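Here the structure is laid out as structure tokens; the discussion comes afterwards.
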Amino acid sequence: MNTTVANSATVAAKRAVRLRPIQRITDGLTPGQFSVYSLMFERGEPRDASNLRLFRGGYVDLVRLTGLSKRGIQNVIAELQAKFVISIHQAPGYHRSQTTVYDVPPEQTILDRWFAKGLRYASGKSKNLVTIATVE
């Protein structure tokens, strides 16, 4: 008996994009990203008169402080840089004692950056930052 069955798995259903407006920093960061950011901010040392803080430490320091894996920390740091949350103030040197120094701004500064770039919404589990023009 030969019957033909249509394969419905080949037809991808269009998924509705659900945008969440950004009002607080936690609206644009995953819980893991926020925990690493807040730890870096708390442990950072104040930089001159601005509210910006400098966090001195490498992946190993962050692994020890957070309990995440080294690969997990590498991913979170890359995501925080892509979301304009942190930036490298001073790259590490070749010697073991020379660790990376990160600029870690306060929450309001990050929100101001996002809004200046038109990033007002977050979408998906990874909380991708989007403008209204990005959405189809």
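Each chain in the structure tokens gets a letter, A, B and so on, in the order shown; residues start at 1 in every chain, and ligands are counted from 1 in the order they appear.
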
For region 46-56 of chain A: contacts at 9 Å, only C-alpha atoms, fewer than 5 positions along chain excluded, given as an NGL selection string:
:A and (40-41 or 89 or 99-106 or 109)

Keeping only N, CA, C and O atoms, write the selected residues to a file as a PDB file, in the first residue's frame.
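Contents of out.pdb, freshly written:
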ATOM      1  N   MET A  40      31.033  42.979  38.434  1.00  0.00           N
ATOM      2  CA  MET A  40      32.134  43.816  37.936  1.00  0.00           C
ATOM      3  C   MET A  40      31.994  45.254  38.432  1.00  0.00           C
ATOM      4  O   MET A  40      32.988  45.896  38.780  1.00  0.00           O
ATOM      5  N   PHE A  41      30.769  45.755  38.489  1.00  0.00           N
ATOM      6  CA  PHE A  41      30.551  47.125  38.954  1.00  0.00           C
ATOM      7  C   PHE A  41      30.867  47.244  40.444  1.00  0.00           C
ATOM      8  O   PHE A  41      31.545  48.173  40.874  1.00  0.00           O
ATOM      9  N   HIS A  89      39.167  48.936  28.836  1.00  0.00           N
ATOM     10  CA  HIS A  89      39.898  50.172  29.107  1.00  0.00           C
ATOM     11  C   HIS A  89      41.371  49.965  28.794  1.00  0.00           C
ATOM     12  O   HIS A  89      42.025  50.825  28.221  1.00  0.00           O
ATOM     13  N   THR A  99      46.458  41.976  33.786  1.00  0.00           N
ATOM     14  CA  THR A  99      45.111  41.524  33.438  1.00  0.00           C
ATOM     15  C   THR A  99      44.359  42.623  32.708  1.00  0.00           C
ATOM     16  O   THR A  99      44.771  43.783  32.685  1.00  0.00           O
ATOM     17  N   THR A 100      43.226  42.259  32.153  1.00  0.00           N
ATOM     18  CA  THR A 100      42.379  43.202  31.434  1.00  0.00           C
ATOM     19  C   THR A 100      41.747  44.180  32.424  1.00  0.00           C
ATOM     20  O   THR A 100      41.382  43.809  33.531  1.00  0.00           O
ATOM     21  N   VAL A 101      41.610  45.425  31.998  1.00  0.00           N
ATOM     22  CA  VAL A 101      40.905  46.433  32.787  1.00  0.00           C
ATOM     23  C   VAL A 101      39.681  46.853  31.978  1.00  0.00           C
ATOM     24  O   VAL A 101      39.803  47.267  30.821  1.00  0.00           O
ATOM     25  N   TYR A 102      38.498  46.708  32.574  1.00  0.00           N
ATOM     26  CA  TYR A 102      37.246  47.018  31.894  1.00  0.00           C
ATOM     27  C   TYR A 102      36.641  48.307  32.436  1.00  0.00           C
ATOM     28  O   TYR A 102      36.675  48.566  33.644  1.00  0.00           O
ATOM     29  N   ASP A 103      36.065  49.117  31.546  1.00  0.00           N
ATOM     30  CA  ASP A 103      35.226  50.246  31.944  1.00  0.00           C
ATOM     31  C   ASP A 103      33.842  49.689  32.241  1.00  0.00           C
ATOM     32  O   ASP A 103      33.240  49.038  31.386  1.00  0.00           O
ATOM     33  N   VAL A 104      33.348  49.954  33.457  1.00  0.00           N
ATOM     34  CA  VAL A 104      32.031  49.462  33.848  1.00  0.00           C
ATOM     35  C   VAL A 104      31.207  50.662  34.313  1.00  0.00           C
ATOM     36  O   VAL A 104      31.386  51.155  35.426  1.00  0.00           O
ATOM     37  N   PRO A 105      30.307  51.157  33.450  1.00  0.00           N
ATOM     38  CA  PRO A 105      29.512  52.337  33.802  1.00  0.00           C
ATOM     39  C   PRO A 105      28.321  51.979  34.689  1.00  0.00           C
ATOM     40  O   PRO A 105      27.913  50.818  34.761  1.00  0.00           O
ATOM     41  N   PRO A 106      27.737  52.970  35.350  1.00  0.00           N
ATOM     42  CA  PRO A 106      26.520  52.720  36.132  1.00  0.00           C
ATOM     43  C   PRO A 106      25.334  52.424  35.216  1.00  0.00           C
ATOM     44  O   PRO A 106      25.371  52.692  34.012  1.00  0.00           O
ATOM     45  N   THR A 109      23.842  55.170  32.844  1.00  0.00           N
ATOM     46  CA  THR A 109      24.699  55.470  31.686  1.00  0.00           C
ATOM     47  C   THR A 109      24.459  54.458  30.573  1.00  0.00           C
ATOM     48  O   THR A 109      24.411  54.814  29.396  1.00  0.00           O
TER      49      THR A 109
END

Give me, as a list in words, all polymer residues having an atom no more than 9 Å from Arg18 (chain A), counting only C-alpha atoms and skipping those fewer than 3 positions away in the same chain.
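The contact residues come out as Ala122, Ser123 and Gly124 of chain A.
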
Would you please work out which residue, of A:Leu39, A:Ile22, A:Leu68, A:Val85, is nearest to Gly118 (chain A) when using only C-alpha atoms?
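Looking only at the distances to Gly118 (chain A), the closest residue turns out to be A:Ile22.
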
Figure out the distance between CA of Gln74 (chain A) and CA of Thr131 (chain A), please, to one decimal in Å.
26.2 Å

Smallest atom-to-atom distance to Ile86 (chain A): which of A:Val36, A:Leu65, A:Ala16, A:Ile132, using only C-alpha atoms?
A:Val36

Computed interatomic separation between CA of Ile110 (chain A) and CA of Arg24 (chain A) (Å):
9.7 Å

Residue among A:Leu111, A:Lys125, A:Gln23, A:Tyr37 lying closest to Ile77 (chain A), counting only C-alpha atoms
A:Tyr37

My list of candidates is A:Ala82, A:Ala91, A:Val63, A:Val76. Which is closest to Leu129 (chain A) when distances are computed with only C-alpha atoms?
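The answer is A:Ala82, which sits nearest to Leu129 (chain A).
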
Picked from chain A by DSSP as helix (DSSP H, G or I), as a count of residues only:
50

Please indicate the distance in Å from CA of Gly28 (chain A) to CA of Arg71 (chain A), rounded to one decimal place.
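A separation of 21.6 Å between them.
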